[in-house]
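Down below is the structure, laid out as structure tokens.
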Amino acid sequence: MTAKLVVGNWKMNGSLASNRKLVKGMLEDRRINRPGVALASPYVYLLQLADLLQLSPMDLGAQDVSQFGRDGAFTGEVSASMLANVGCRYVLIGHSERRQYLAEANEVLSKKMENALAARLAPVLCVGETLAQREAGEHLDVIRHQLDIVADFPSEQVIVAYEPVWAIGTGKVASLAQIAEMHECIKATGLQRQSGSASMRVLYGGSVKADNAEAILSISSVDGALVGGASLDVDSFGMICQAADKLV
Ligand SMILES: O=C[C@H](O)COP(=O)(O)O
């Protein structure tokens with residue numbers, strides 16, 4: 001069985017001092033300091049983390065990437081090649097918070113996916129429905145629409161993170177049945193639309209914690225976890241990483 005990937009998304013959190021303390025704790029924790037674990041920090045801390053992780057098998061990730069595919073007059077943007085240059089392996093694309101606050105949609109996200117793959121980064125396309133869409137029974141159609149852009153890319157190169165918006169930061173984790181249904185929908189949609197011999201890897205995100213990680217990661221269609229709040233605490237993140245490692 002392929003190892004379950006665990007990505008810690010720090011979101012807009014951190015400082016040089018607190019990052020040093022947090023990453024030092026992670027490096028000293030054998031549950032975390034191993035292959036198959038990645039940290040996605042704000043852009044400004046990527047070089048610091050690259051330095052702190054230089055002797056570690058942990059990977060570096062970014063939380064976004066520019067839609068523009070070449071360097072130049074794009075003030076404030078960060079290109080995929082720049083992320084690769086500082087040592088990123090993964091890049092989150094289309095996180096629901098960016099869809100909500102910055103109106104990111106498929107056209108721009110497809111460009112970001114293309115740029116990430118061109119720079120040999122592994123894109124993690126975030127998809128998920130709102131509570132209103134779920135209550136209206138629209139959740140499967142919403143996800144299928146968000147997955148329209150994966151048709152352009154081979155399944156082996158794309159990772160998807162299913163993150164029900166109503167479970168992010170709320171403590172209201174999706175039920176195991178809901179997670180299984182959505183992951184199977186995502187994998188089936190990918191197989192219908194993509195080239196490639198295998199289905200996409202699909203991570204779950206949305207209030208993954210130490211006390212629910214093993215049950216969630218035990219679902220066969222869950223290939224890992226995208227962890228927000230709990231990735232800012234060494235022991236919580238360590239428990240999640242340990243749960244993922246046990247299931248290999
Ligand atoms: O990227 C992470 C997801 O937004 C989940 O965040 P959370 O674990 O704080 O609910």
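As shown in the structure tokens, the chain order sets the letters A, B, ...; within each chain, residues go from 1, and ligands are also counted from 1 in the order they appear.
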Near-ligand residues for ligand 1, threshold 10 Å, only C-alpha atoms and all ligand atoms, as a PyMOL selection string: chain A and resi 7-11+40+63+92+95-97+126+161-173+204-209+225-232
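Residues with any atom within 9 Å of Ala3 (chain A), counting only C-alpha atoms and excluding same-chain neighbours fewer than 5 positions away, are A:Gly36, A:Asp223, A:Gly224, A:Ala244, A:Asp245, A:Leu247, A:Val248.
Among the residues of region 10-43 of chain A, backbone DSSP assigns strand (DSSP E or B) to Val37, Ala38, Leu39, Ala40 and Ser41 of chain A.
Of the listed residues A:Val142, A:Ala17, A:Leu52, A:Val108, the one whose atoms come nearest to Gly87 (chain A) is A:Leu52, with distances taken using only C-alpha atoms.
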Nearest to Leu203 (chain A), chosen from A:Thr189, A:Ser81, A:Ser221, A:Thr130, with only C-alpha atoms counted in the distances: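 Going through A:Thr189, A:Ser81, A:Ser221, A:Thr130 one by one, the smallest distance to Leu203 (chain A) is for A:Ser221.
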Contacts of Asp141 (chain A) within 12 Å, only C-alpha atoms, excl. fewer than 5 positions in-chain, as a ChimeraX atom specification: /A:127-129,133-134,136,146-148,182,185-186,189
Residue contacts of Glu114 (chain A) (9 Å, only C-alpha atoms) excluding same-chain residues fewer than 3 positions away, as a short mmCIF file (atom, residue, chain, number, x, y, z; two decimals) with N, CA, C and O atoms, in the first residue's frame:
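Wrote out_22.cif, looks like this:
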```cif
data_model
loop_
_atom_site.label_atom_id
_atom_site.label_comp_id
_atom_site.auth_asym_id
_atom_site.auth_seq_id
_atom_site.Cartn_x
_atom_site.Cartn_y
_atom_site.Cartn_z
N GLN A 67 -0.34 32.28 -11.30
CA GLN A 67 -0.99 31.80 -12.53
C GLN A 67 -0.13 32.14 -13.76
O GLN A 67 -0.39 31.64 -14.85
N GLY A 69 3.09 31.99 -16.02
CA GLY A 69 4.04 30.89 -16.24
C GLY A 69 5.46 31.32 -16.52
O GLY A 69 6.34 30.48 -16.71
N LEU A 109 -7.03 28.39 -11.82
CA LEU A 109 -6.46 27.22 -11.15
C LEU A 109 -5.82 26.25 -12.15
O LEU A 109 -4.80 25.63 -11.86
N SER A 110 -6.40 26.17 -13.33
CA SER A 110 -5.81 25.31 -14.36
C SER A 110 -4.43 25.82 -14.77
O SER A 110 -3.49 25.05 -14.96
N LYS A 111 -4.30 27.15 -14.88
CA LYS A 111 -3.00 27.74 -15.21
C LYS A 111 -1.98 27.44 -14.09
O LYS A 111 -0.82 27.14 -14.34
N LEU A 117 3.22 21.82 -12.60
CA LEU A 117 3.74 20.61 -13.24
C LEU A 117 4.94 20.92 -14.13
O LEU A 117 5.90 20.16 -14.20
N ALA A 118 4.90 22.08 -14.80
CA ALA A 118 6.03 22.47 -15.66
C ALA A 118 7.30 22.66 -14.83
O ALA A 118 8.42 22.44 -15.32
N ALA A 119 7.14 23.06 -13.57
CA ALA A 119 8.29 23.26 -12.68
C ALA A 119 8.60 21.99 -11.87
O ALA A 119 9.38 22.03 -10.92
N PRO A 123 1.24 19.26 -7.69
CA PRO A 123 0.12 20.10 -7.30
C PRO A 123 -0.88 19.34 -6.42
O PRO A 123 -1.16 18.16 -6.67
N ASP A 152 -6.94 17.74 -17.90
CA ASP A 152 -5.80 18.17 -18.72
C ASP A 152 -4.47 17.56 -18.26
O ASP A 152 -3.44 17.78 -18.90
N PHE A 153 -4.50 16.81 -17.15
CA PHE A 153 -3.24 16.38 -16.55
C PHE A 153 -3.27 14.89 -16.20
O PHE A 153 -4.31 14.38 -15.78
#
```
Members of region 3-77 of chain A assigned alpha helix (DSSP H) by DSSP, as a VMD selection string: chain A and resid 16 to 27 46 to 52
Ala198 (chain A) surroundings by only C-alpha atoms, 9 Å radius, close-in-sequence under 3 positions cut, as a list in words: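 Residues meeting the cut-off are Ser155, Glu156, Leu191, Ser195 and Arg201 of chain A.
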d(CA of Gly14 (chain A), CA of Val44 (chain A)) in Å: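 That distance, rounded to one decimal, is 9.8 Å.
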Closest of A:Ile32, A:Tyr43, A:Val222, A:Tyr101 to Gly76 (chain A) - atom-to-atom distances counting only C-alpha atoms: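 Among the listed residues, the smallest separation from Gly76 (chain A) belongs to A:Tyr43.
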